[in-house]
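Scroll down for the structure; my scribbles are underneath it.
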Amino acid sequence: MNLSPYPSSTRSSRSQSAQIHGCFRLQVPKSRIRWISMTFARSSRASLYVRGSLAYKQPAPASPVPNHPLSSPAHTYRTLTTSPNQRAMFSSLNPFHIPPHFRTLTSELDLSSHTAVVAGGTQGIGAGIASRFSELGSSVILVGRSRQRGEDMLRHLKAVAKRPEEQRFEFVPADLSARKGILGAAREVREKSGKEGVDWLVLCQGGPPNGRWKETPEGIEDHFAVQILSRFGLAHELSSSPTIKQGVASVCSPGLSRTRTVDLDNLELRKTREHGGFFKGYGMLTTGLRDSLVSDVWMAHFRRLHPTLSTTHLFPGAVATSAASNSSLPFPLPLLSSYALPLVAPSPQDYADVPIYFLAHPEGRRKALEQGGLGWNQKGQKAGSAPAAADANEGEKVWGKLKEMLGV
């Protein structure tokens with residue numbers, strides 16, 4: 001979906017236009033329905049106008065780098081509003097809205113001479129976070145699978161950098177579904193960061209579960225390997241060096257499970273599958289709850305082992321990315337994600353201020369370090385954690401099991 005700010009007089013020979021009550025023009029290409037453009041007839045700047053000036057969407061600033069990872073239609077619109085009262089009203093009506101004070105607070109930061117590692121930073125939420133770190137002056141090390149996307153993203157980071165001559169941008173190619181890839185990525189990050197280490201580790205790799213079962217060549221369930229094991233592995237390896245100096249944030253799904261114990265023999269949901277409890281939509285639900293539970297538990301134990309690091313498990317809500325398509329979610333979720341979600345959901349750039357606030361802003365760090373400060377949602381409200389996360393014995397068991405599976 002593309003909400004393009006055409007002047008009211010614009011006409012296309014390849015499209016049909018219809019004026020609706022003098023407010024919007026609906027534009028649909030004849031050859032192929034690729035986008036629906038709604039344009040306020042009296043303004044060439046607003047691409048979506050809600051009557052009463054409640055809110056509007058406008059294209060985000062164009063990147064100097066063509067085809068960079070944040071240039072897809074799902075990523076190119078930022079939600080804007082016209083006054084504090086209207087922002088408050090829009091926030092109350094839109095459950096996906098990111099409160100604007102996060103942007104205000106992070107804009108105060110100067111992250112020069114700092115370094116952030118962003119796993120999964122070549123697309124989606126991770127790319128938005130890496131881009132915002134660069135805008136604030138931080139050096140960035142990306143970890144991802146695709147070399148092409150990594151190179152494109154490096155060019156983008158240099159183009160938006162606050163002090164490009166002082167900042168450093170690196171890419172670590174890695175298959176994070178394999179033990180060798182996880183350990184190799186951690187080793188290369190240590191080599192690139194040197195004695196100075198890195199300030200923050202942000203874990204965004206993986207994505208929503210699709211309910212399908214697939215094993216890696218090493219015999220580990222594929223989604224578990226990336227979503228759980230690789231996140232644990234990078235945090236474990238980079239904190240035990242120690243390479244991480246200030247904090248770790250994992251963007252996933254805190255507080256969804258109410259489970260008090262973790263079945264170590266069913267971490268990958270093999271028993272669930274063997275008993276016929278892993279199928280289609282139910283498999284998506286079961287896997288999502290497992291992701292939340294295990295992430296809550298190992299991250300809570302990480303906090304116990306590293307009490308001086310600000311450790312947060314963040315729920316992003318709905319963000320306009322291509323995650324539904326990349327994860328091969330069942331129809332019609334990819335269609336809705338690509339064409340409907342950008343109308344109401346924040347872009348990755350918009351959401352990026354939330355994890356940076358908890359990692360780098362003094363107020364956010366204080367909240368992250370306080371007791372019960374592990375899980376947070378996209379509005380900065382506590383999201384809670386699974387009851388099992390509060391049990392140190394459960395934490396030790398899960399920590400040990402994950403180390404065993406990683407081979408360390």
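Each chain in the structure tokens gets a letter, A, B and so on, in the order shown; residues start at 1 in every chain, and ligands are counted from 1 in the order they appear.
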What's around A:Gly121 at 7 Å? Count only C-alpha atoms, leave out sequence neighbours fewer than 5 positions away in its own chain, and write the answer as a PyMOL selection string. chain A and resi 126-127+130+142-144
Sorted per-residue table, stretch 271-365 of chain A near stretch 378-386 of chain A, closest atoms and distance, 8 Å, only C-alpha atoms, as CSV:
residue,atom,partner,partner_atom,distance
A:Ser292,CA,A:Ala386,CA,7.8
A:Leu293,CA,A:Ala386,CA,5.9
A:Asp296,CA,A:Ser385,CA,5.9
A:Val297,CA,A:Ala386,CA,7.4
A:Leu314,CA,A:Gln378,CA,7.4
A:Phe315,CA,A:Gln378,CA,6.1
A:Pro316,CA,A:Gln378,CA,5.1
A:Gly317,CA,A:Gln378,CA,6.0
A:Tyr351,CA,A:Gln378,CA,7.4
A:Val354,CA,A:Gln378,CA,6.7
Next, dump the selected residues to file, keeping only all heavy atoms, as an mmCIF file, in the first residue's frame.
data_model
loop_
_atom_site.group_PDB
_atom_site.id
_atom_site.type_symbol
_atom_site.label_atom_id
_atom_site.label_comp_id
_atom_site.auth_asym_id
_atom_site.auth_seq_id
_atom_site.Cartn_x
_atom_site.Cartn_y
_atom_site.Cartn_z
ATOM 1 N N SER A 292 7.598 -16.759 24.674
ATOM 2 C CA SER A 292 7.461 -15.789 25.758
ATOM 3 C C SER A 292 7.968 -16.361 27.074
ATOM 4 O O SER A 292 8.725 -15.714 27.806
ATOM 5 C CB SER A 292 6.001 -15.367 25.893
ATOM 6 O OG SER A 292 5.831 -14.463 26.965
ATOM 7 N N LEU A 293 7.579 -17.595 27.376
ATOM 8 C CA LEU A 293 7.962 -18.230 28.642
ATOM 9 C C LEU A 293 9.478 -18.391 28.750
ATOM 10 O O LEU A 293 10.094 -17.956 29.738
ATOM 11 C CB LEU A 293 7.283 -19.592 28.763
ATOM 12 C CG LEU A 293 7.753 -20.496 29.908
ATOM 13 C CD1 LEU A 293 7.438 -19.871 31.256
ATOM 14 C CD2 LEU A 293 7.115 -21.886 29.783
ATOM 15 N N ASP A 296 11.357 -15.053 28.919
ATOM 16 C CA ASP A 296 11.211 -14.436 30.238
ATOM 17 C C ASP A 296 12.151 -15.088 31.258
ATOM 18 O O ASP A 296 12.812 -14.399 32.049
ATOM 19 C CB ASP A 296 9.770 -14.575 30.733
ATOM 20 C CG ASP A 296 8.847 -13.499 30.184
ATOM 21 O OD1 ASP A 296 9.351 -12.499 29.646
ATOM 22 O OD2 ASP A 296 7.614 -13.670 30.292
ATOM 23 N N VAL A 297 12.219 -16.417 31.233
ATOM 24 C CA VAL A 297 12.978 -17.129 32.260
ATOM 25 C C VAL A 297 14.472 -16.924 32.083
ATOM 26 O O VAL A 297 15.193 -16.604 33.052
ATOM 27 C CB VAL A 297 12.618 -18.636 32.251
ATOM 28 C CG1 VAL A 297 13.517 -19.410 33.206
ATOM 29 C CG2 VAL A 297 11.159 -18.829 32.650
ATOM 30 N N LEU A 314 11.203 -6.719 25.562
ATOM 31 C CA LEU A 314 10.289 -5.690 25.065
ATOM 32 C C LEU A 314 9.254 -6.254 24.100
ATOM 33 O O LEU A 314 9.595 -7.011 23.180
ATOM 34 C CB LEU A 314 11.091 -4.591 24.361
ATOM 35 C CG LEU A 314 12.181 -3.915 25.199
ATOM 36 C CD1 LEU A 314 12.983 -2.954 24.338
ATOM 37 C CD2 LEU A 314 11.572 -3.201 26.393
ATOM 38 N N PHE A 315 8.003 -5.869 24.313
ATOM 39 C CA PHE A 315 6.926 -6.229 23.395
ATOM 40 C C PHE A 315 6.695 -5.062 22.438
ATOM 41 O O PHE A 315 6.342 -3.964 22.871
ATOM 42 C CB PHE A 315 5.649 -6.532 24.178
ATOM 43 C CG PHE A 315 4.477 -6.865 23.290
ATOM 44 C CD1 PHE A 315 4.504 -7.999 22.495
ATOM 45 C CD2 PHE A 315 3.360 -6.058 23.258
ATOM 46 C CE1 PHE A 315 3.434 -8.317 21.681
ATOM 47 C CE2 PHE A 315 2.279 -6.361 22.446
ATOM 48 C CZ PHE A 315 2.310 -7.499 21.657
ATOM 49 N N PRO A 316 6.890 -5.244 21.119
ATOM 50 C CA PRO A 316 6.790 -4.118 20.195
ATOM 51 C C PRO A 316 5.377 -3.763 19.781
ATOM 52 O O PRO A 316 5.168 -2.708 19.163
ATOM 53 C CB PRO A 316 7.594 -4.605 18.989
ATOM 54 C CG PRO A 316 7.394 -6.086 19.006
ATOM 55 C CD PRO A 316 7.327 -6.478 20.462
ATOM 56 N N GLY A 317 4.400 -4.628 20.091
ATOM 57 C CA GLY A 317 3.069 -4.384 19.547
ATOM 58 C C GLY A 317 3.078 -4.649 18.053
ATOM 59 O O GLY A 317 3.866 -5.445 17.540
ATOM 60 N N TYR A 351 9.289 2.949 16.228
ATOM 61 C CA TYR A 351 9.413 2.074 17.405
ATOM 62 C C TYR A 351 10.817 2.095 17.983
ATOM 63 O O TYR A 351 11.007 1.859 19.182
ATOM 64 C CB TYR A 351 9.030 0.636 17.048
ATOM 65 C CG TYR A 351 9.265 -0.304 18.202
ATOM 66 C CD1 TYR A 351 8.438 -0.281 19.320
ATOM 67 C CD2 TYR A 351 10.362 -1.162 18.215
ATOM 68 C CE1 TYR A 351 8.679 -1.097 20.415
ATOM 69 C CE2 TYR A 351 10.610 -1.982 19.302
ATOM 70 C CZ TYR A 351 9.767 -1.945 20.397
ATOM 71 O OH TYR A 351 10.017 -2.751 21.491
ATOM 72 N N VAL A 354 11.888 3.290 21.537
ATOM 73 C CA VAL A 354 11.525 2.607 22.785
ATOM 74 C C VAL A 354 12.698 1.803 23.341
ATOM 75 O O VAL A 354 13.099 2.004 24.502
ATOM 76 C CB VAL A 354 10.273 1.731 22.582
ATOM 77 C CG1 VAL A 354 9.926 0.992 23.879
ATOM 78 C CG2 VAL A 354 9.094 2.584 22.121
#
Please identify all polymer residues within 9 Å of A:Ser328, counting only C-alpha atoms, omitting same-chain residues fewer than 6 positions from it, and present them as a list of chain:residue names. A:Pro209, A:Asn210, A:Pro334
Tell me, as number ranges by chain, which residues lie within 12 Å of A:Gly400, counting only C-alpha atoms; anything in the same chain fewer than 2 positions away does not count. A: 232-233, 236, 264, 297-298, 301-302, 393-398, 402-408
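In this structure, atom CA of A:Pro348 sits 6.2 Å away from atom CA of A:Gly124.
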Residue list (strand (DSSP E), DSSP) for stretch 138-168 of chain A, as a list of chain:residue names: A:Ser139, A:Val140, A:Ile141, A:Leu142, A:Val143, A:Gly144
Can those selected residues be exported to a file as an mmCIF file, in the first residue's frame so that it contains all heavy atoms?
data_model
loop_
_atom_site.group_PDB
_atom_site.id
_atom_site.type_symbol
_atom_site.label_atom_id
_atom_site.label_comp_id
_atom_site.auth_asym_id
_atom_site.auth_seq_id
_atom_site.Cartn_x
_atom_site.Cartn_y
_atom_site.Cartn_z
ATOM 1 N N SER A 139 28.226 4.109 17.015
ATOM 2 C CA SER A 139 28.713 3.119 16.060
ATOM 3 C C SER A 139 27.818 1.889 16.149
ATOM 4 O O SER A 139 27.214 1.630 17.193
ATOM 5 C CB SER A 139 30.168 2.742 16.368
ATOM 6 O OG SER A 139 31.021 3.861 16.222
ATOM 7 N N VAL A 140 27.723 1.129 15.054
ATOM 8 C CA VAL A 140 26.783 0.008 15.002
ATOM 9 C C VAL A 140 27.459 -1.200 14.367
ATOM 10 O O VAL A 140 28.129 -1.083 13.334
ATOM 11 C CB VAL A 140 25.515 0.367 14.194
ATOM 12 C CG1 VAL A 140 24.557 -0.824 14.158
ATOM 13 C CG2 VAL A 140 24.815 1.583 14.790
ATOM 14 N N ILE A 141 27.277 -2.362 15.001
ATOM 15 C CA ILE A 141 27.680 -3.642 14.421
ATOM 16 C C ILE A 141 26.405 -4.438 14.143
ATOM 17 O O ILE A 141 25.640 -4.729 15.068
ATOM 18 C CB ILE A 141 28.602 -4.431 15.363
ATOM 19 C CG1 ILE A 141 29.869 -3.630 15.674
ATOM 20 C CG2 ILE A 141 28.961 -5.781 14.754
ATOM 21 C CD1 ILE A 141 30.783 -4.295 16.692
ATOM 22 N N LEU A 142 26.174 -4.765 12.892
ATOM 23 C CA LEU A 142 24.995 -5.531 12.499
ATOM 24 C C LEU A 142 25.326 -7.013 12.438
ATOM 25 O O LEU A 142 26.422 -7.397 12.019
ATOM 26 C CB LEU A 142 24.509 -5.086 11.121
ATOM 27 C CG LEU A 142 24.129 -3.614 10.930
ATOM 28 C CD1 LEU A 142 23.840 -3.349 9.461
ATOM 29 C CD2 LEU A 142 22.919 -3.255 11.787
ATOM 30 N N VAL A 143 24.382 -7.839 12.834
ATOM 31 C CA VAL A 143 24.505 -9.283 12.687
ATOM 32 C C VAL A 143 23.298 -9.764 11.898
ATOM 33 O O VAL A 143 22.152 -9.491 12.277
ATOM 34 C CB VAL A 143 24.556 -10.002 14.055
ATOM 35 C CG1 VAL A 143 24.704 -11.512 13.853
ATOM 36 C CG2 VAL A 143 25.700 -9.471 14.906
ATOM 37 N N GLY A 144 23.546 -10.455 10.784
ATOM 38 C CA GLY A 144 22.435 -10.915 9.963
ATOM 39 C C GLY A 144 22.868 -11.986 8.986
ATOM 40 O O GLY A 144 24.053 -12.274 8.823
#
